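Source file data-v8.pdb; content: PDB, C-alpha atoms.
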```pdb
MODEL        1
ATOM      1  CA  PRO A  29     202.206-102.127 -94.791
ATOM      2  CA  TYR A  30     204.842-100.809 -92.375
ATOM      3  CA  GLY A  31     205.883 -97.700 -94.304
ATOM      4  CA  SER A  32     208.907 -97.276 -96.505
ATOM      5  CA  VAL A  33     211.536 -96.098 -94.057
ATOM      6  CA  LYS A  34     215.081 -97.354 -93.667
ATOM      7  CA  LEU A  35     216.304 -98.644 -90.318
ATOM      8  CA  ASP A  36     219.195-100.652 -88.933
ATOM      9  CA  ARG A  37     218.470-104.306 -89.751
ATOM     10  CA  GLU A  38     217.770-105.394 -86.155
ATOM     11  CA  ALA A  39     215.531-102.366 -85.576
ATOM     12  CA  ALA A  40     213.771-102.949 -88.910
ATOM     13  CA  ASP A  41     213.065-106.593 -88.104
ATOM     14  CA  ALA A  42     211.717-105.630 -84.674
ATOM     15  CA  PHE A  43     209.560-102.877 -86.164
ATOM     16  CA  LYS A  44     208.087-105.205 -88.785
ATOM     17  CA  LYS A  45     207.136-107.654 -86.034
ATOM     18  CA  LEU A  46     205.688-104.834 -83.907
ATOM     19  CA  ALA A  47     203.601-103.459 -86.788
ATOM     20  CA  SER A  48     202.437-106.927 -87.816
ATOM     21  CA  ASP A  49     201.397-107.872 -84.285
ATOM     22  CA  ALA A  50     199.633-104.525 -83.852
ATOM     23  CA  LYS A  51     197.770-105.121 -87.116
ATOM     24  CA  ASP A  52     196.710-108.584 -85.928
ATOM     25  CA  GLU A  53     195.168-106.865 -82.888
ATOM     26  CA  GLY A  54     193.376-104.246 -85.022
ATOM     27  CA  TYR A  55     195.871-101.361 -84.797
ATOM     28  CA  THR A  56     197.771 -99.578 -87.543
ATOM     29  CA  ILE A  57     201.345 -98.456 -86.977
ATOM     30  CA  VAL A  58     203.294 -97.159 -89.963
ATOM     31  CA  GLY A  59     206.839 -95.838 -90.139
ATOM     32  CA  ILE A  60     206.886 -92.275 -91.489
ATOM     33  CA  SER A  61     210.537 -91.331 -90.995
ATOM     34  CA  GLY A  62     213.502 -93.541 -90.169
ATOM     35  CA  TYR A  63     217.141 -93.216 -91.167
ATOM     36  CA  ARG A  64     218.192 -89.764 -92.359
ATOM     37  CA  SER A  65     221.475 -88.884 -93.967
ATOM     38  CA  TYR A  66     223.632 -86.055 -92.636
ATOM     39  CA  HIS A  67     222.613 -83.916 -95.615
ATOM     40  CA  THR A  68     218.909 -84.569 -95.060
ATOM     41  CA  GLN A  69     219.232 -83.631 -91.378
ATOM     42  CA  VAL A  70     221.076 -80.401 -92.299
ATOM     43  CA  THR A  71     218.280 -79.447 -94.685
ATOM     44  CA  LEU A  72     215.513 -80.345 -92.233
ATOM     45  CA  TYR A  73     217.108 -78.503 -89.305
ATOM     46  CA  GLN A  74     217.788 -75.391 -91.417
ATOM     47  CA  ARG A  75     214.160 -75.374 -92.551
ATOM     48  CA  TYR A  76     212.993 -75.432 -88.916
ATOM     49  CA  VAL A  77     215.438 -72.664 -87.940
ATOM     50  CA  SER A  78     214.188 -70.513 -90.836
ATOM     51  CA  LYS A  79     210.582 -71.121 -89.772
ATOM     52  CA  ASP A  80     210.823 -70.922 -85.961
ATOM     53  CA  GLY A  81     214.274 -69.579 -85.090
ATOM     54  CA  LYS A  82     217.227 -71.510 -83.686
ATOM     55  CA  GLN A  83     216.157 -71.450 -80.043
ATOM     56  CA  LEU A  84     212.762 -73.021 -80.717
ATOM     57  CA  ALA A  85     214.063 -75.384 -83.425
ATOM     58  CA  ASP A  86     216.566 -76.783 -80.926
ATOM     59  CA  THR A  87     213.668 -77.979 -78.741
ATOM     60  CA  TYR A  88     212.286 -80.293 -81.403
ATOM     61  CA  SER A  89     214.969 -80.961 -83.999
ATOM     62  CA  ALA A  90     218.533 -82.188 -83.694
ATOM     63  CA  ARG A  91     221.376 -80.623 -85.564
ATOM     64  CA  ALA A  92     223.066 -82.791 -88.163
ATOM     65  CA  GLY A  93     225.492 -85.156 -86.484
ATOM     66  CA  HIS A  94     223.318 -85.291 -83.351
ATOM     67  CA  SER A  95     220.081 -86.799 -84.660
ATOM     68  CA  GLU A  96     219.054 -90.285 -83.588
ATOM     69  CA  HIS A  97     217.556 -90.670 -87.042
ATOM     70  CA  GLN A  98     221.117 -90.734 -88.417
ATOM     71  CA  THR A  99     221.790 -93.941 -86.428
ATOM     72  CA  GLY A 100     219.019 -95.909 -88.126
ATOM     73  CA  LEU A 101     217.580 -96.726 -84.695
ATOM     74  CA  ALA A 102     214.886 -94.023 -84.496
ATOM     75  CA  ILE A 103     211.516 -94.061 -86.204
ATOM     76  CA  ASP A 104     208.621 -91.634 -86.342
ATOM     77  CA  VAL A 105     205.302 -93.452 -86.575
ATOM     78  CA  ALA A 106     201.708 -92.705 -87.462
ATOM     79  CA  SER A 107     198.433 -94.590 -87.543
ATOM     80  CA  ASN A 108     195.741 -94.523 -90.236
ATOM     81  CA  ASN A 109     196.323 -90.799 -90.676
ATOM     82  CA  PRO A 110     199.881 -90.311 -92.001
ATOM     83  CA  ASN A 111     200.224 -87.049 -90.052
ATOM     84  CA  ILE A 112     202.484 -87.792 -87.067
ATOM     85  CA  LEU A 113     200.982 -84.870 -85.172
ATOM     86  CA  THR A 114     197.707 -86.788 -84.794
ATOM     87  CA  PHE A 115     199.289 -90.053 -83.643
ATOM     88  CA  GLU A 116     198.722 -89.332 -79.963
ATOM     89  CA  GLN A 117     194.939 -89.211 -80.511
ATOM     90  CA  SER A 118     194.889 -92.650 -82.133
ATOM     91  CA  ARG A 119     194.132 -95.991 -80.526
ATOM     92  CA  SER A 120     197.461 -97.138 -81.933
ATOM     93  CA  PHE A 121     199.321 -94.700 -79.676
ATOM     94  CA  ALA A 122     197.855 -96.373 -76.591
ATOM     95  CA  TRP A 123     198.911 -99.743 -78.009
ATOM     96  CA  MET A 124     202.461 -98.454 -78.542
ATOM     97  CA  LEU A 125     202.677 -97.145 -74.983
ATOM     98  CA  GLU A 126     201.684-100.561 -73.697
ATOM     99  CA  HIS A 127     203.652-102.804 -76.065
ATOM    100  CA  ALA A 128     206.593-101.017 -77.758
ATOM    101  CA  HIS A 129     209.058-102.252 -75.139
ATOM    102  CA  GLU A 130     208.153-105.864 -75.987
ATOM    103  CA  TYR A 131     209.853-105.265 -79.347
ATOM    104  CA  GLY A 132     212.799-103.253 -78.030
ATOM    105  CA  PHE A 133     211.380 -99.765 -78.670
ATOM    106  CA  ILE A 134     210.876 -96.865 -76.283
ATOM    107  CA  LEU A 135     209.002 -93.592 -76.522
ATOM    108  CA  ARG A 136     212.128 -91.479 -76.746
ATOM    109  CA  TYR A 137     210.837 -88.044 -75.705
ATOM    110  CA  PRO A 138     208.068 -88.597 -73.132
ATOM    111  CA  GLU A 139     205.744 -85.919 -71.839
ATOM    112  CA  GLY A 140     206.958 -84.099 -68.740
ATOM    113  CA  LYS A 141     210.576 -85.155 -69.280
ATOM    114  CA  GLU A 142     211.647 -82.274 -71.527
ATOM    115  CA  HIS A 143     214.032 -80.989 -68.853
ATOM    116  CA  ILE A 144     215.822 -84.353 -68.988
ATOM    117  CA  THR A 145     215.746 -85.189 -72.703
ATOM    118  CA  GLY A 146     216.261 -81.655 -73.979
ATOM    119  CA  TYR A 147     213.455 -82.088 -76.504
ATOM    120  CA  LYS A 148     209.762 -81.422 -76.362
ATOM    121  CA  TYR A 149     207.302 -84.286 -76.083
ATOM    122  CA  GLU A 150     207.076 -86.323 -79.294
ATOM    123  CA  PRO A 151     204.482 -89.094 -79.013
ATOM    124  CA  TRP A 152     205.428 -90.337 -82.502
ATOM    125  CA  HIS A 153     209.209 -90.731 -81.969
ATOM    126  CA  TYR A 154     210.437 -94.178 -80.922
ATOM    127  CA  ARG A 155     213.975 -95.475 -80.495
ATOM    128  CA  PHE A 156     215.151 -99.050 -80.742
ATOM    129  CA  VAL A 157     217.280 -99.908 -77.687
ATOM    130  CA  GLY A 158     216.785-103.686 -77.560
ATOM    131  CA  LEU A 159     214.515-105.824 -75.411
ATOM    132  CA  ASP A 160     216.497-105.708 -72.171
ATOM    133  CA  ILE A 161     216.922-101.939 -71.986
ATOM    134  CA  ALA A 162     213.417-101.226 -73.280
ATOM    135  CA  SER A 163     211.926-103.514 -70.635
ATOM    136  CA  GLU A 164     214.036-101.935 -67.889
ATOM    137  CA  LEU A 165     212.975 -98.435 -68.964
ATOM    138  CA  LYS A 166     209.316 -99.448 -69.071
ATOM    139  CA  LYS A 167     209.555-100.969 -65.584
ATOM    140  CA  SER A 168     211.530 -98.109 -64.015
ATOM    141  CA  GLY A 169     209.908 -95.157 -65.774
ATOM    142  CA  MET A 170     213.344 -93.731 -66.557
ATOM    143  CA  THR A 171     214.117 -91.957 -69.797
ATOM    144  CA  PHE A 172     216.883 -93.281 -72.021
ATOM    145  CA  ASP A 173     218.957 -90.270 -70.937
ATOM    146  CA  GLU A 174     218.596 -91.188 -67.267
ATOM    147  CA  TYR A 175     219.446 -94.809 -68.022
ATOM    148  CA  ALA A 176     222.533 -93.757 -69.975
ATOM    149  CA  ALA A 177     223.683 -91.459 -67.158
ATOM    150  CA  VAL A 178     223.337 -94.206 -64.543
ATOM    151  CA  TYR A 179     224.382 -97.354 -66.412
ATOM    152  CA  ILE A 180     226.396 -96.339 -69.468
ATOM    153  CA  LEU A 181     228.231 -93.085 -68.748
ATOM    154  CA  ASP A 182     229.034 -93.710 -65.091
TER
ENDMDL
END
```
In structure tokens, how does this file's structure come out?
Amino acid sequence: PYGSVKLDREAADAFKKLASDAKDEGYTIVGISGYRSYHTQVTLYQRYVSKDGKQLADTYSARAGHSEHQTGLAIDVASNNPNILTFEQSRSFAWMLEHAHEYGFILRYPEGKEHITGYKYEPWHYRFVGLDIASELKKSGMTFDEYAAVYILD
């Protein structure tokens, strides 16, 4: 019921709980893409470059070795419609915005923060960062990049 994606064990357990609790409240959240191997990311990125050119592809796809999907901590989600591009229009998206942090997940590439994250808005892309960091990001409104710059890299 949660999709058939691979994630880091802690992230997977948190996602299963998130999806189950959402379902109990009448929402559907399914994992569409999780862990990707280096080879898979190479193939995916090259396909995007062939389709849209390198400059545009770099705004929405990471090069192999730089993708959060390769960590097993990132997940792309959908609702009843398995097309991630429609997730933002679903009731489940609103639920995720309100509750994802309670399970340790953040919306990784929020709208209006492209100049900070380096990627265009992706309402379907969530990253497991743990309960403490997710809660702090929700409360502060910071992106993960801003948090990392202030608390991790400094």
Identify, on the basis of only C-alpha atoms, every residue whose closest approach to Gly140 in chain A does not exceed 12 Å; exclude the query and any residue fewer than 2 positions from it along the same chain; express the result as a CSV table (one decimal) with C-alpha atoms, in the frame of the given file.
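Contents of the output file selection27.csv:
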```
chain,number,residue,atom,x,y,z
A,137,TYR,CA,210.8,-88.0,-75.7
A,138,PRO,CA,208.1,-88.6,-73.1
A,142,GLU,CA,211.6,-82.3,-71.5
A,143,HIS,CA,214.0,-81.0,-68.9
A,144,ILE,CA,215.8,-84.4,-69.0
A,145,THR,CA,215.7,-85.2,-72.7
A,146,GLY,CA,216.3,-81.7,-74.0
A,147,TYR,CA,213.5,-82.1,-76.5
A,148,LYS,CA,209.8,-81.4,-76.4
A,149,TYR,CA,207.3,-84.3,-76.1
A,150,GLU,CA,207.1,-86.3,-79.3
A,151,PRO,CA,204.5,-89.1,-79.0
A,169,GLY,CA,209.9,-95.2,-65.8
A,170,MET,CA,213.3,-93.7,-66.6
A,171,THR,CA,214.1,-92.0,-69.8
```
- Item | Selection near Phe115 in chain A, 8 Å with all atoms listed in the file, sequence-local residues under 4 positions removed, as a PyMOL selection string | chain A and resi 105-107+109+111+120-121+151-152
Selected residues written out with C-alpha atoms, as a tab-separated table (two decimals), in the coordinates of the input:
```tsv
chain	number	residue	atom	x	y	z
A	105	VAL	CA	205.30	-93.45	-86.58
A	106	ALA	CA	201.71	-92.70	-87.46
A	107	SER	CA	198.43	-94.59	-87.54
A	109	ASN	CA	196.32	-90.80	-90.68
A	111	ASN	CA	200.22	-87.05	-90.05
A	120	SER	CA	197.46	-97.14	-81.93
A	121	PHE	CA	199.32	-94.70	-79.68
A	151	PRO	CA	204.48	-89.09	-79.01
A	152	TRP	CA	205.43	-90.34	-82.50
```
- If you apply the PyMOL selection byres ((chain A and resi 78-94) around 10) to this file, what residues do you get, as a PyMOL selection string? chain A and resi 64-77+95-99+137+142+145-150
- List, as JSON, numbers by chain, every residue that the PyMOL selection byres ((chain A and resi 124) around 12) selects in the file provided. {"A": [43, 46, 47, 49, 50, 51, 53, 55, 56, 57, 58, 105, 106, 107, 115, 116, 118, 119, 120, 121, 122, 123, 125, 126, 127, 128, 129, 130, 131, 132, 133, 134, 135, 151, 152, 153, 154, 166]}
- Item | Straight-line distance linking CA of Asp36 in chain A with CA of Tyr63 in chain A, stated in Å to one decimal | 8.0 Å
- Which one is closest to Asp41 in chain A: A:Arg136, A:Phe156, A:Leu113, A:Ser163? Count all atoms listed in the file.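 Checking each candidate against Asp41 in chain A, we get A:Phe156 as the closest.
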- Point-to-point distance from CA of Glu174 in chain A to CA of Gly59 in chain A, Å rounded to tenths: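 So the two atoms, CA of Glu174 in chain A and CA of Gly59 in chain A, lie 26.1 Å apart.
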- Query: Can you tell me how far CA of Gly62 in chain A sits from CA of Val178 in chain A, in Å to one decimal?
  - Reply: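 According to the coordinates, CA of Gly62 in chain A and CA of Val178 in chain A are separated by 27.5 Å.
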- Message: Given only C-alpha atoms as the basis, pick out the residue of A:Leu181, A:Leu35, A:Ala176, A:Ile60 nearest to Glu164 in chain A.
- Response: A:Ala176
Kindly provide, as lines of an AutoDock Vina configuration file, the centre and edge lengths (Å, one decimal) of an axis-aligned box around all atoms of range 53-65 of chain A given in the file, with 8 Å on each side.
```
center_x = 207.4
center_y = -97.9
center_z = -88.4
size_x = 44.1
size_y = 34.0
size_z = 27.1
```
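Minimum atom-to-atom distance to Leu101 in chain A, evaluated using all atoms listed in the file, belongs to A:Arg155 out of A:Ile161, A:Phe172, A:Gly54, A:Arg155.
Using all atoms listed in the file, the shortest contact distance between Lys44 in chain A and any of A:Pro110, A:Lys141, A:Ser32, A:Tyr175 is found at A:Ser32.
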